[in-house]
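A.B. asks: This one is my_file39.cif, mmCIF, C-alpha atoms.
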data_input
loop_
_atom_site.group_PDB
_atom_site.id
_atom_site.type_symbol
_atom_site.label_atom_id
_atom_site.label_comp_id
_atom_site.auth_asym_id
_atom_site.auth_seq_id
_atom_site.Cartn_x
_atom_site.Cartn_y
_atom_site.Cartn_z
ATOM 1 C CA MET V 1189 87.890 55.419 -1.433
ATOM 2 C CA SER V 1190 88.458 57.877 1.306
ATOM 3 C CA ALA V 1191 90.383 55.283 3.291
ATOM 4 C CA ARG V 1192 93.044 55.357 0.611
ATOM 5 C CA ALA V 1193 93.330 59.093 0.954
ATOM 6 C CA CYS V 1194 94.144 58.628 4.623
ATOM 7 C CA GLU V 1195 97.287 56.740 3.698
ATOM 8 C CA VAL V 1196 98.608 59.414 1.409
ATOM 9 C CA GLY V 1197 100.994 61.925 2.910
ATOM 10 C CA GLY V 1198 102.867 64.939 1.711
ATOM 11 C CA ASP V 1199 101.034 67.516 -0.317
ATOM 12 C CA ASP V 1200 98.453 69.941 0.929
ATOM 13 C CA THR V 1201 95.454 68.220 -0.580
ATOM 14 C CA ALA V 1202 96.242 64.980 1.173
ATOM 15 C CA GLY V 1203 96.965 66.863 4.372
ATOM 16 C CA ARG V 1204 93.467 68.246 4.369
ATOM 17 C CA LEU V 1205 92.024 64.796 3.991
ATOM 18 C CA VAL V 1206 94.145 63.081 6.543
ATOM 19 C CA ARG V 1207 93.375 65.245 9.475
ATOM 20 C CA PRO V 1208 89.590 64.959 9.559
ATOM 21 C CA PHE V 1209 89.621 61.199 9.334
ATOM 22 C CA THR V 1210 92.048 60.891 12.225
ATOM 23 C CA LEU V 1211 89.124 62.224 14.241
ATOM 24 C CA THR V 1212 87.070 59.203 13.343
ATOM 25 C CA GLY V 1213 89.606 56.506 14.104
ATOM 26 C CA GLY V 1214 90.171 55.943 10.391
ATOM 27 C CA ARG V 1215 86.578 55.048 9.661
ATOM 28 C CA THR V 1216 85.149 56.550 6.519
ATOM 29 C CA ARG V 1217 81.562 55.387 6.762
ATOM 30 C CA PRO V 1218 79.125 56.041 9.541
ATOM 31 C CA SER V 1219 77.875 52.871 11.151
ATOM 32 C CA ARG V 1220 74.356 54.259 10.824
ATOM 33 C CA THR V 1221 72.868 56.192 7.972
ATOM 34 C CA ASP V 1222 70.855 58.568 10.092
ATOM 35 C CA PHE V 1223 72.736 61.674 9.165
ATOM 36 C CA THR V 1224 71.734 63.448 5.979
ATOM 37 C CA LEU V 1225 72.642 67.058 5.242
ATOM 38 C CA ILE V 1226 69.390 68.321 6.733
ATOM 39 C CA THR V 1227 69.017 65.884 9.598
ATOM 40 C CA THR V 1228 68.693 67.917 12.782
ATOM 41 C CA VAL V 1229 70.750 66.997 15.832
ATOM 42 C CA THR V 1230 70.395 68.242 19.392
ATOM 43 C CA ALA V 1231 72.615 67.683 22.417
ATOM 44 C CA VAL V 1232 70.945 65.827 25.251
ATOM 45 C CA ASP V 1233 70.813 68.160 28.209
ATOM 46 C CA PRO V 1234 71.723 67.172 30.814
ATOM 47 C CA PRO V 1235 73.898 64.384 29.375
ATOM 48 C CA PRO V 1236 73.146 60.868 30.635
ATOM 49 C CA GLU V 1237 75.060 60.048 33.816
ATOM 50 C CA ARG V 1238 76.824 57.018 32.435
ATOM 51 C CA ALA V 1239 77.864 58.705 29.203
ATOM 52 C CA PRO V 1240 81.579 58.592 28.437
ATOM 53 C CA ARG V 1241 83.386 61.872 28.736
ATOM 54 C CA PRO V 1242 83.363 63.469 25.253
ATOM 55 C CA GLN V 1243 86.646 64.056 23.488
ATOM 56 C CA PRO V 1244 87.543 67.649 22.567
ATOM 57 C CA GLU V 1245 86.119 67.476 19.024
ATOM 58 C CA GLN V 1246 82.994 65.806 20.335
ATOM 59 C CA ALA V 1247 82.652 68.502 22.975
ATOM 60 C CA ARG V 1248 82.883 71.094 20.188
ATOM 61 C CA ILE V 1249 80.017 69.397 18.387
ATOM 62 C CA LEU V 1250 77.937 69.172 21.547
ATOM 63 C CA ARG V 1251 78.366 72.886 22.188
ATOM 64 C CA ARG V 1252 77.237 73.621 18.632
ATOM 65 C CA CYS V 1253 74.124 71.521 18.946
ATOM 66 C CA ALA V 1254 72.925 72.781 22.305
ATOM 67 C CA ARG V 1255 70.006 73.947 20.189
ATOM 68 C CA PRO V 1256 68.781 71.924 17.212
ATOM 69 C CA ILE V 1257 71.051 72.314 14.182
ATOM 70 C CA ALA V 1258 71.182 70.673 10.764
ATOM 71 C CA VAL V 1259 74.171 68.439 10.013
ATOM 72 C CA ALA V 1260 75.220 70.611 7.052
ATOM 73 C CA GLU V 1261 75.276 73.718 9.244
ATOM 74 C CA LEU V 1262 77.218 71.887 11.899
ATOM 75 C CA ALA V 1263 79.801 70.737 9.353
ATOM 76 C CA ALA V 1264 80.120 74.249 7.923
ATOM 77 C CA HIS V 1265 80.664 75.780 11.363
ATOM 78 C CA LEU V 1266 83.185 73.107 12.314
ATOM 79 C CA ASP V 1267 84.897 73.367 8.907
ATOM 80 C CA LEU V 1268 84.806 69.587 8.494
ATOM 81 C CA PRO V 1269 83.410 67.413 5.684
ATOM 82 C CA VAL V 1270 79.852 66.255 6.309
ATOM 83 C CA SER V 1271 80.955 62.626 6.102
ATOM 84 C CA VAL V 1272 83.409 63.148 8.969
ATOM 85 C CA VAL V 1273 80.858 64.943 11.098
ATOM 86 C CA ALA V 1274 78.360 62.138 10.452
ATOM 87 C CA ILE V 1275 80.773 59.550 11.825
ATOM 88 C CA MET V 1276 81.389 61.598 14.936
ATOM 89 C CA LEU V 1277 77.658 62.120 15.375
ATOM 90 C CA CYS V 1278 77.236 58.361 15.220
ATOM 91 C CA ASP V 1279 79.438 57.973 18.253
ATOM 92 C CA LEU V 1280 77.587 60.710 20.089
ATOM 93 C CA LEU V 1281 74.262 59.112 19.253
ATOM 94 C CA GLU V 1282 75.431 55.725 20.464
ATOM 95 C CA ALA V 1283 76.675 57.330 23.669
ATOM 96 C CA GLY V 1284 73.249 58.856 24.202
ATOM 97 C CA LEU V 1285 74.638 62.386 24.031
ATOM 98 C CA ILE V 1286 72.530 63.638 21.099
ATOM 99 C CA THR V 1287 69.079 63.112 19.716
ATOM 100 C CA VAL V 1288 68.423 62.963 15.978
ATOM 101 C CA HIS V 1289 65.471 64.356 14.082
ATOM 102 C CA PRO V 1290 65.246 63.109 10.490
ATOM 103 C CA PRO V 1291 64.240 65.408 7.620
ATOM 104 C CA HIS V 1292 60.631 65.564 6.577
ATOM 105 C CA PRO V 1293 60.206 62.514 4.344
ATOM 106 C CA VAL V 1294 59.816 63.475 0.690
ATOM 107 C CA THR V 1295 58.816 60.831 -1.797
ATOM 108 C CA PRO V 1296 57.958 61.703 -5.381
ATOM 109 C CA ARG V 1297 55.139 59.163 -5.520
ATOM 110 C CA THR V 1298 53.262 60.376 -2.484
ATOM 111 C CA PRO V 1299 53.579 64.142 -2.435
ATOM 112 C CA ASP V 1300 52.584 65.827 0.789
ATOM 113 C CA LEU V 1301 50.154 68.536 -0.250
ATOM 114 C CA ASP V 1302 49.901 69.946 3.241
ATOM 115 C CA LEU V 1303 53.670 70.345 3.485
ATOM 116 C CA LEU V 1304 53.896 71.943 0.034
ATOM 117 C CA GLN V 1305 51.167 74.415 0.938
ATOM 118 C CA LYS V 1306 53.050 75.384 4.107
ATOM 119 C CA VAL V 1307 56.236 75.987 2.132
ATOM 120 C CA ARG V 1308 54.240 77.972 -0.442
ATOM 121 C CA ASP V 1309 52.703 80.157 2.246
ATOM 122 C CA GLY V 1310 56.053 80.680 3.955
ATOM 123 C CA LEU V 1311 57.726 81.768 0.717
ATOM 124 C CA GLY V 1312 54.793 84.067 0.013
ATOM 125 C CA ARG V 1313 55.502 85.862 3.271
ATOM 126 C CA LEU V 1314 59.115 86.612 2.326
ATOM 127 C CA MET K 1323 70.865 84.542 26.701
ATOM 128 C CA ALA K 1324 73.886 82.739 28.084
ATOM 129 C CA GLY K 1325 73.368 81.614 31.638
ATOM 130 C CA SER K 1326 69.669 81.023 31.327
ATOM 131 C CA ASP K 1327 70.075 77.832 29.339
ATOM 132 C CA THR K 1328 69.671 75.509 32.288
ATOM 133 C CA THR K 1329 66.149 76.734 32.866
ATOM 134 C CA ALA K 1330 65.190 76.836 29.206
ATOM 135 C CA THR K 1331 62.800 74.199 28.062
ATOM 136 C CA ALA K 1332 64.030 71.987 25.276
ATOM 137 C CA VAL K 1333 63.543 73.439 21.828
ATOM 138 C CA ALA K 1334 61.710 71.049 19.549
ATOM 139 C CA PRO K 1335 63.727 70.450 16.382
ATOM 140 C CA PRO K 1336 62.029 71.708 13.224
ATOM 141 C CA ASP K 1337 61.105 69.555 10.264
ATOM 142 C CA THR K 1338 63.516 70.211 7.416
ATOM 143 C CA VAL K 1339 63.135 70.121 3.647
ATOM 144 C CA LYS K 1340 65.474 71.132 0.850
ATOM 145 C CA ILE K 1341 65.544 72.501 -2.669
ATOM 146 C CA LEU K 1342 68.589 72.259 -4.905
ATOM 147 C CA ILE K 1343 69.924 75.171 -6.940
ATOM 148 C CA ALA K 1344 71.852 73.795 -9.884
ATOM 149 C CA GLY K 1345 73.218 74.981 -13.205
ATOM 150 C CA GLY K 1346 76.437 75.681 -15.021
ATOM 151 C CA PHE K 1347 79.597 77.415 -13.942
ATOM 152 C CA GLY K 1348 79.187 81.021 -12.880
ATOM 153 C CA VAL K 1349 75.471 81.137 -13.552
ATOM 154 C CA GLY K 1350 74.587 82.637 -10.191
ATOM 155 C CA LYS K 1351 73.715 79.686 -7.952
ATOM 156 C CA THR K 1352 75.447 80.968 -4.855
ATOM 157 C CA THR K 1353 74.136 84.444 -5.576
ATOM 158 C CA MET K 1354 70.613 83.073 -5.620
ATOM 159 C CA VAL K 1355 71.110 81.163 -2.374
ATOM 160 C CA GLY K 1356 72.440 84.322 -0.760
ATOM 161 C CA SER K 1357 69.599 86.476 -2.064
ATOM 162 C CA VAL K 1358 66.828 84.525 -0.337
ATOM 163 C CA SER K 1359 68.614 82.962 2.621
ATOM 164 C CA GLU K 1360 68.054 84.349 6.100
ATOM 165 C CA ILE K 1361 71.674 83.591 6.950
ATOM 166 C CA ALA K 1362 74.837 84.409 5.024
ATOM 167 C CA PRO K 1363 75.447 81.370 2.808
ATOM 168 C CA LEU K 1364 77.489 78.671 4.486
ATOM 169 C CA ARG K 1365 79.867 76.331 2.745
ATOM 170 C CA THR K 1366 80.619 72.725 3.411
ATOM 171 C CA GLU K 1367 83.021 70.581 1.436
ATOM 172 C CA GLU K 1368 83.247 66.893 0.799
ATOM 173 C CA PRO K 1369 86.369 65.186 -0.530
ATOM 174 C CA LEU K 1370 85.789 62.772 -3.378
ATOM 175 C CA THR K 1371 88.787 60.937 -4.688
ATOM 176 C CA SER K 1372 89.434 59.993 -8.291
ATOM 177 C CA ALA K 1373 89.000 56.320 -7.452
ATOM 178 C CA GLY K 1374 85.339 57.008 -6.921
ATOM 179 C CA LEU K 1375 84.892 59.131 -10.006
ATOM 180 C CA GLY K 1376 85.300 56.626 -12.797
ATOM 181 C CA ILE K 1377 87.839 56.989 -15.522
ATOM 182 C CA ASP K 1378 86.114 59.229 -17.961
ATOM 183 C CA ASP K 1379 86.504 62.768 -17.004
ATOM 184 C CA LEU K 1380 89.824 63.713 -15.520
ATOM 185 C CA ASP K 1381 91.198 65.167 -18.730
ATOM 186 C CA GLY K 1382 94.244 62.971 -18.914
ATOM 187 C CA ILE K 1383 95.323 63.532 -15.363
ATOM 188 C CA GLU K 1384 96.662 60.126 -14.448
ATOM 189 C CA GLU K 1385 97.617 60.512 -10.841
ATOM 190 C CA LYS K 1386 95.076 59.765 -8.182
ATOM 191 C CA ARG K 1387 93.935 63.034 -6.811
ATOM 192 C CA ALA K 1388 91.206 64.259 -4.592
ATOM 193 C CA THR K 1389 88.387 66.419 -5.784
ATOM 194 C CA THR K 1390 86.609 68.521 -3.282
ATOM 195 C CA VAL K 1391 82.949 69.082 -3.888
ATOM 196 C CA ALA K 1392 81.708 72.219 -2.238
ATOM 197 C CA LEU K 1393 78.161 73.153 -1.407
ATOM 198 C CA ASP K 1394 76.951 76.600 -0.558
ATOM 199 C CA PHE K 1395 73.701 76.585 1.285
ATOM 200 C CA GLY K 1396 71.239 78.860 2.930
ATOM 201 C CA ARG K 1397 68.173 78.612 5.090
ATOM 202 C CA ILE K 1398 64.624 79.951 5.061
ATOM 203 C CA SER K 1399 62.572 79.413 8.202
ATOM 204 C CA ILE K 1400 59.059 78.757 6.944
ATOM 205 C CA SER K 1401 57.759 78.552 10.505
ATOM 206 C CA ARG K 1402 59.017 77.395 13.884
ATOM 207 C CA GLU K 1403 58.254 73.855 12.857
ATOM 208 C CA LEU K 1404 59.521 73.904 9.286
ATOM 209 C CA VAL K 1405 62.820 75.015 7.770
ATOM 210 C CA LEU K 1406 63.701 75.068 4.081
ATOM 211 C CA TYR K 1407 67.329 74.652 3.043
ATOM 212 C CA LEU K 1408 68.673 75.700 -0.330
ATOM 213 C CA PHE K 1409 71.747 73.914 -1.622
ATOM 214 C CA GLY K 1410 73.818 75.255 -4.485
ATOM 215 C CA THR K 1411 76.985 73.942 -6.039
ATOM 216 C CA PRO K 1412 79.445 76.790 -6.488
ATOM 217 C CA GLY K 1413 82.187 77.099 -9.036
ATOM 218 C CA GLN K 1414 83.152 74.784 -11.819
ATOM 219 C CA GLN K 1415 82.281 71.373 -10.516
ATOM 220 C CA ARG K 1416 81.647 68.360 -12.606
ATOM 221 C CA PHE K 1417 81.255 66.023 -9.674
ATOM 222 C CA TRP K 1418 78.545 67.480 -7.519
ATOM 223 C CA PHE K 1419 76.165 64.775 -8.685
ATOM 224 C CA MET K 1420 78.400 62.210 -6.981
ATOM 225 C CA TRP K 1421 77.109 63.585 -3.717
ATOM 226 C CA ASN K 1422 74.140 61.260 -3.614
ATOM 227 C CA ASP K 1423 72.767 62.593 -0.410
ATOM 228 C CA LEU K 1424 72.165 65.856 -2.194
ATOM 229 C CA ALA K 1425 69.372 64.703 -4.471
ATOM 230 C CA ILE K 1426 67.695 62.211 -2.160
ATOM 231 C CA GLY K 1427 64.735 63.714 -0.380
ATOM 232 C CA ALA K 1428 64.808 67.042 -2.203
ATOM 233 C CA LEU K 1429 61.438 68.645 -2.883
ATOM 234 C CA GLY K 1430 62.739 69.699 -6.260
ATOM 235 C CA ALA K 1431 65.314 71.848 -7.973
ATOM 236 C CA VAL K 1432 65.889 75.141 -9.679
ATOM 237 C CA VAL K 1433 68.188 74.942 -12.681
ATOM 238 C CA LEU K 1434 69.686 78.330 -13.367
ATOM 239 C CA VAL K 1435 70.555 79.083 -16.965
ATOM 240 C CA ASP K 1436 72.791 81.804 -18.346
ATOM 241 C CA VAL K 1437 71.320 82.931 -21.680
ATOM 242 C CA ARG K 1438 74.814 83.558 -23.011
ATOM 243 C CA ARG K 1439 75.899 79.991 -22.236
ATOM 244 C CA PRO K 1440 72.797 77.796 -21.932
ATOM 245 C CA GLU K 1441 74.797 74.661 -22.724
ATOM 246 C CA SER K 1442 76.575 74.977 -19.381
ATOM 247 C CA SER K 1443 73.324 73.965 -17.671
ATOM 248 C CA PHE K 1444 72.546 70.949 -19.867
ATOM 249 C CA ALA K 1445 74.157 68.506 -17.436
ATOM 250 C CA ALA K 1446 72.013 69.729 -14.558
ATOM 251 C CA ILE K 1447 68.832 69.497 -16.626
ATOM 252 C CA ASP K 1448 69.740 65.951 -17.691
ATOM 253 C CA PHE K 1449 70.468 64.994 -14.115
ATOM 254 C CA PHE K 1450 67.051 65.996 -12.794
ATOM 255 C CA GLU K 1451 65.154 64.664 -15.793
ATOM 256 C CA ARG K 1452 66.769 61.266 -15.465
ATOM 257 C CA ARG K 1453 66.060 61.055 -11.774
ATOM 258 C CA ASN K 1454 62.512 62.324 -12.127
ATOM 259 C CA ILE K 1455 63.231 65.152 -9.750
ATOM 260 C CA PRO K 1456 60.842 68.026 -10.461
ATOM 261 C CA PHE K 1457 62.526 71.257 -11.470
ATOM 262 C CA VAL K 1458 61.909 74.695 -12.894
ATOM 263 C CA VAL K 1459 64.344 76.676 -15.019
ATOM 264 C CA GLY K 1460 65.362 80.142 -13.926
ATOM 265 C CA VAL K 1461 66.945 82.186 -16.672
ATOM 266 C CA ASN K 1462 69.340 84.503 -14.916
ATOM 267 C CA GLY K 1463 69.706 87.681 -16.917
ATOM 268 C CA PHE K 1464 73.150 89.192 -17.172
ATOM 269 C CA HIS K 1465 72.805 92.507 -15.333
ATOM 270 C CA GLY K 1466 69.128 91.624 -15.056
ATOM 271 C CA GLU K 1467 68.607 91.923 -18.819
ATOM 272 C CA HIS K 1468 66.626 89.389 -20.796
ATOM 273 C CA PRO K 1469 67.227 89.497 -24.537
ATOM 274 C CA TYR K 1470 65.150 86.365 -25.220
ATOM 275 C CA PRO K 1471 61.595 85.483 -24.188
ATOM 276 C CA ALA K 1472 61.134 82.456 -21.963
ATOM 277 C CA GLU K 1473 59.533 80.402 -24.733
ATOM 278 C CA GLU K 1474 62.535 80.805 -26.976
ATOM 279 C CA ILE K 1475 64.772 79.537 -24.196
ATOM 280 C CA ARG K 1476 62.463 76.595 -23.593
ATOM 281 C CA GLU K 1477 62.880 75.619 -27.219
ATOM 282 C CA ALA K 1478 66.619 76.073 -27.144
ATOM 283 C CA LEU K 1479 66.818 73.801 -24.097
ATOM 284 C CA ALA K 1480 64.308 71.305 -25.544
ATOM 285 C CA LEU K 1481 62.339 71.403 -22.319
ATOM 286 C CA PRO K 1482 59.035 69.564 -22.060
ATOM 287 C CA GLU K 1483 55.873 71.599 -21.732
ATOM 288 C CA HIS K 1484 55.352 70.944 -18.035
ATOM 289 C CA VAL K 1485 58.700 72.434 -16.994
ATOM 290 C CA ARG K 1486 58.255 76.086 -16.173
ATOM 291 C CA VAL K 1487 60.769 78.610 -17.458
ATOM 292 C CA LEU K 1488 61.089 81.906 -15.595
ATOM 293 C CA LEU K 1489 63.156 84.952 -16.340
ATOM 294 C CA CYS K 1490 64.854 86.043 -13.132
ATOM 295 C CA ASP K 1491 67.624 88.037 -11.524
ATOM 296 C CA ALA K 1492 69.623 85.974 -9.033
ATOM 297 C CA ARG K 1493 70.676 89.156 -7.242
ATOM 298 C CA GLU K 1494 67.100 90.082 -6.364
ATOM 299 C CA ARG K 1495 65.408 88.464 -3.420
ATOM 300 C CA ASP K 1496 61.880 88.880 -4.750
ATOM 301 C CA SER K 1497 62.861 87.458 -8.103
ATOM 302 C CA CYS K 1498 64.463 84.382 -6.516
ATOM 303 C CA ARG K 1499 61.494 83.940 -4.207
ATOM 304 C CA ASP K 1500 59.186 83.942 -7.235
ATOM 305 C CA VAL K 1501 61.241 81.201 -8.871
ATOM 306 C CA LEU K 1502 60.989 79.089 -5.720
ATOM 307 C CA ILE K 1503 57.246 79.730 -5.528
ATOM 308 C CA ALA K 1504 56.902 78.645 -9.160
ATOM 309 C CA LEU K 1505 58.626 75.383 -8.281
ATOM 310 C CA ILE K 1506 56.324 74.786 -5.311
ATOM 311 C CA ASP K 1507 53.276 75.669 -7.421
ATOM 312 C CA GLN K 1508 54.376 73.109 -9.957
ATOM 313 C CA LEU K 1509 54.793 70.516 -7.201
ATOM 314 C CA ILE K 1510 51.353 71.337 -5.836
ATOM 315 C CA ALA K 1511 49.794 71.053 -9.308
ATOM 316 C CA ASP K 1512 51.530 67.694 -9.821
ATOM 317 C CA ALA K 1513 50.340 66.483 -6.424
ATOM 318 C CA ARG K 1514 46.732 67.451 -7.163
ATOM 319 C CA LYS K 1515 46.921 65.671 -10.491
ATOM 320 C CA ALA K 1516 48.235 62.542 -8.822
ATOM 321 C CA SER K 1517 45.593 62.424 -6.121
#
As a first step, turn the structure in this file into C-alpha cells.
C.D. replies:
Amino acid sequence: MSARACEVGGDDTAGRLVRPFTLTGGRTRPSRTDFTLITTVTAVDPPPERAPRPQPEQARILRRCARPIAVAELAAHLDLPVSVVAIMLCDLLEAGLITVHPPHPVTPRTPDLDLLQKVRDGLGRL
Amino acid sequence: MAGSDTTATAVAPPDTVKILIAGGFGVGKTTMVGSVSEIAPLRTEEPLTSAGLGIDDLDGIEEKRATTVALDFGRISISRELVLYLFGTPGQQRFWFMWNDLAIGALGAVVLVDVRRPESSFAAIDFFERRNIPFVVGVNGFHGEHPYPAEEIREALALPEHVRVLLCDARERDSCRDVLIALIDQLIADARKAS
C-alpha cells in the first residue's frame, strides 16, 4: 500500500515516495476514477468565479493544461507519479477548474471499425 | 503565441487511443517508441511497493521495499481529433503488468522479441494471450540482421496462426510503422470477422 510508504522515512527511495503524497493530503487513491493515462484534461478558462484559489502545485498543473493534455504527459512534465497527479486532478475537477475528456472507449467485443480505419490511414501517412 | 491566449477559442480535446509496446529486457521497446513518436519519448514512473507485489518474486529480499515501474511513451497525432499513444516499459521490469491501467482500453500490443533471447519476451506474450488483448510480434534484428525467418520464430514461440510475426528494426521509423500497421490490419480483420 502506498499509504504505508508515506510513513517510512530515511532512505532515498522512501524520500521520493513521501514527497508526492504530501501533495495529496496523504490520500493514495483518487476519489473518482476518471483519470487514466490517456485521459485528456483541460483547464477551464476563465476559471469559475467561486473557485478556490489553487495551491502552487495545482497552479502548475493548470498552467500545463491550458491546452488539452493527456494525464501521462502531464505527469511526465511535472515529474510526479500518475497516481499522484490523478488525485490532484480530482480536486481540480471538483473545484470546476478543469474539464476531463475520457479516452476513446475500446472494448474487445465491439471493435470500432471506423476508428481502426482512421488509425490505419494515419499510420499510412507517416 | 503567448499573449494571444485570451482571444483564442477553446481547443477541443482529441480522442485518445493507445498501443502497448512490450517485450523482454533490452529488446528495443523504448527505441521503437522513439522511432515513431512525434515527440521525444517521455517517462513517467509509478511506485509500487512490495506489499502489493505478492511474495513470489523478490529473490529473497525480505525487507519491504518500493519498486518503481517506469513507462516510456510517445505520441502520434493521427488527426486533430485523434491521437495515438505508444507505451513501452523500459529496462528490466518484472512488475509492469501490475499497472492495471496500462492494459485496460488498449487497442492492442506489439511484443518485441530479440532473436538471441526470445525467452525474455515469453512473459509479455503470456500476459496478452491470457487477457485476450490482440498483439503482433515484432522480431527486432540485432543491428537490423535477421538470421531466422519469421515462421521459424513463430514455431519457437509457439504462437497461434492468427498472430502475425514481423521482422523489424526498432531503430527505423518505417519499420516500426509497418509493425503498427500490421497490428491495426489484424484488428480490422478481426472486427470484420466479428461483424
A.B. asks: Selected by the PyMOL selection byres ((chain V and resi 1269-1277) around 6) in the shown coordinates: which residues, as a PyMOL selection string?
C.D. replies: (chain V and resi 1218+1223+1263+1268+1278-1281) or (chain K and resi 1367-1368)
A.B. asks: Could you list the residues in chain K lying within 9 Å of chain V, using all atoms listed in the file, and format the result as a PDB file with C-alpha atoms, in the frame of the given file?
C.D. replies:
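Produced file selection29.pdb, reproduced below:
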ATOM      1  CA  THR K1328      69.671  75.509  32.288  1.00  0.00           C
ATOM      2  CA  ALA K1332      64.030  71.987  25.276  1.00  0.00           C
ATOM      3  CA  VAL K1333      63.543  73.439  21.828  1.00  0.00           C
ATOM      4  CA  ALA K1334      61.710  71.049  19.549  1.00  0.00           C
ATOM      5  CA  PRO K1335      63.727  70.450  16.382  1.00  0.00           C
ATOM      6  CA  PRO K1336      62.029  71.708  13.224  1.00  0.00           C
ATOM      7  CA  ASP K1337      61.105  69.555  10.264  1.00  0.00           C
ATOM      8  CA  THR K1338      63.516  70.211   7.416  1.00  0.00           C
ATOM      9  CA  VAL K1339      63.135  70.121   3.647  1.00  0.00           C
ATOM     10  CA  LYS K1340      65.474  71.132   0.850  1.00  0.00           C
ATOM     11  CA  VAL K1358      66.828  84.525  -0.337  1.00  0.00           C
ATOM     12  CA  LEU K1364      77.489  78.671   4.486  1.00  0.00           C
ATOM     13  CA  ARG K1365      79.867  76.331   2.745  1.00  0.00           C
ATOM     14  CA  THR K1366      80.619  72.725   3.411  1.00  0.00           C
ATOM     15  CA  GLU K1367      83.021  70.581   1.436  1.00  0.00           C
ATOM     16  CA  GLU K1368      83.247  66.893   0.799  1.00  0.00           C
ATOM     17  CA  PRO K1369      86.369  65.186  -0.530  1.00  0.00           C
ATOM     18  CA  LEU K1370      85.789  62.772  -3.378  1.00  0.00           C
ATOM     19  CA  THR K1371      88.787  60.937  -4.688  1.00  0.00           C
ATOM     20  CA  SER K1372      89.434  59.993  -8.291  1.00  0.00           C
ATOM     21  CA  ALA K1373      89.000  56.320  -7.452  1.00  0.00           C
ATOM     22  CA  GLY K1374      85.339  57.008  -6.921  1.00  0.00           C
ATOM     23  CA  ARG K1387      93.935  63.034  -6.811  1.00  0.00           C
ATOM     24  CA  ALA K1388      91.206  64.259  -4.592  1.00  0.00           C
ATOM     25  CA  THR K1389      88.387  66.419  -5.784  1.00  0.00           C
ATOM     26  CA  PHE K1395      73.701  76.585   1.285  1.00  0.00           C
ATOM     27  CA  ILE K1398      64.624  79.951   5.061  1.00  0.00           C
ATOM     28  CA  SER K1399      62.572  79.413   8.202  1.00  0.00           C
ATOM     29  CA  ILE K1400      59.059  78.757   6.944  1.00  0.00           C
ATOM     30  CA  SER K1401      57.759  78.552  10.505  1.00  0.00           C
ATOM     31  CA  LEU K1404      59.521  73.904   9.286  1.00  0.00           C
ATOM     32  CA  VAL K1405      62.820  75.015   7.770  1.00  0.00           C
ATOM     33  CA  LEU K1406      63.701  75.068   4.081  1.00  0.00           C
ATOM     34  CA  TYR K1407      67.329  74.652   3.043  1.00  0.00           C
ATOM     35  CA  ASP K1423      72.767  62.593  -0.410  1.00  0.00           C
ATOM     36  CA  LEU K1424      72.165  65.856  -2.194  1.00  0.00           C
ATOM     37  CA  ILE K1426      67.695  62.211  -2.160  1.00  0.00           C
ATOM     38  CA  GLY K1427      64.735  63.714  -0.380  1.00  0.00           C
ATOM     39  CA  ALA K1428      64.808  67.042  -2.203  1.00  0.00           C
ATOM     40  CA  LEU K1429      61.438  68.645  -2.883  1.00  0.00           C
ATOM     41  CA  ASN K1454      62.512  62.324 -12.127  1.00  0.00           C
ATOM     42  CA  ILE K1455      63.231  65.152  -9.750  1.00  0.00           C
ATOM     43  CA  PRO K1456      60.842  68.026 -10.461  1.00  0.00           C
ATOM     44  CA  ARG K1495      65.408  88.464  -3.420  1.00  0.00           C
ATOM     45  CA  ASP K1496      61.880  88.880  -4.750  1.00  0.00           C
ATOM     46  CA  ARG K1499      61.494  83.940  -4.207  1.00  0.00           C
ATOM     47  CA  ASP K1500      59.186  83.942  -7.235  1.00  0.00           C
ATOM     48  CA  LEU K1502      60.989  79.089  -5.720  1.00  0.00           C
ATOM     49  CA  ILE K1503      57.246  79.730  -5.528  1.00  0.00           C
ATOM     50  CA  ILE K1506      56.324  74.786  -5.311  1.00  0.00           C
ATOM     51  CA  ASP K1507      53.276  75.669  -7.421  1.00  0.00           C
ATOM     52  CA  LEU K1509      54.793  70.516  -7.201  1.00  0.00           C
ATOM     53  CA  ILE K1510      51.353  71.337  -5.836  1.00  0.00           C
ATOM     54  CA  ASP K1512      51.530  67.694  -9.821  1.00  0.00           C
ATOM     55  CA  ALA K1513      50.340  66.483  -6.424  1.00  0.00           C
ATOM     56  CA  ARG K1514      46.732  67.451  -7.163  1.00  0.00           C
ATOM     57  CA  ALA K1516      48.235  62.542  -8.822  1.00  0.00           C
ATOM     58  CA  SER K1517      45.593  62.424  -6.121  1.00  0.00           C
TER      59      SER K1517
END
A.B. asks: Once you add 4 Å to each side, what are the centre and edge lengths of the axis-aligned box holding all listed atoms of range 1234-1249 of chain V? One decimal in Å, as lines of an AutoDock Vina configuration file, if you can.
C.D. replies:
center_x = 79.6
center_y = 64.1
center_z = 26.1
size_x = 23.8
size_y = 22.1
size_z = 23.4
A.B. asks: I'd like the residues picked by the PyMOL selection byres ((chain K and resi 1489) around 7) written out as a list in words, using the chain letters and numbers from the file.
C.D. replies: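 Given this file, the PyMOL selection byres ((chain K and resi 1489) around 7) evaluates to Gly1460, Val1461, Asn1462, Ala1472, Val1487, Leu1488 and Cys1490 of chain K.
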A.B. asks: Counting all atoms listed in the file, find the residues whose atoms lie at most 12 Å from (69.4, 94.4, -15.9) (file coordinates) and write them out as a PDB file with C-alpha atoms, in the coordinates of the input.
C.D. replies:
ATOM      1  CA  ASN K1462      69.340  84.503 -14.916  1.00  0.00           C
ATOM      2  CA  GLY K1463      69.706  87.681 -16.917  1.00  0.00           C
ATOM      3  CA  PHE K1464      73.150  89.192 -17.172  1.00  0.00           C
ATOM      4  CA  HIS K1465      72.805  92.507 -15.333  1.00  0.00           C
ATOM      5  CA  GLY K1466      69.128  91.624 -15.056  1.00  0.00           C
ATOM      6  CA  GLU K1467      68.607  91.923 -18.819  1.00  0.00           C
ATOM      7  CA  HIS K1468      66.626  89.389 -20.796  1.00  0.00           C
ATOM      8  CA  PRO K1469      67.227  89.497 -24.537  1.00  0.00           C
ATOM      9  CA  LEU K1489      63.156  84.952 -16.340  1.00  0.00           C
ATOM     10  CA  CYS K1490      64.854  86.043 -13.132  1.00  0.00           C
ATOM     11  CA  ASP K1491      67.624  88.037 -11.524  1.00  0.00           C
ATOM     12  CA  ALA K1492      69.623  85.974  -9.033  1.00  0.00           C
ATOM     13  CA  ARG K1493      70.676  89.156  -7.242  1.00  0.00           C
ATOM     14  CA  GLU K1494      67.100  90.082  -6.364  1.00  0.00           C
TER      15      GLU K1494
END
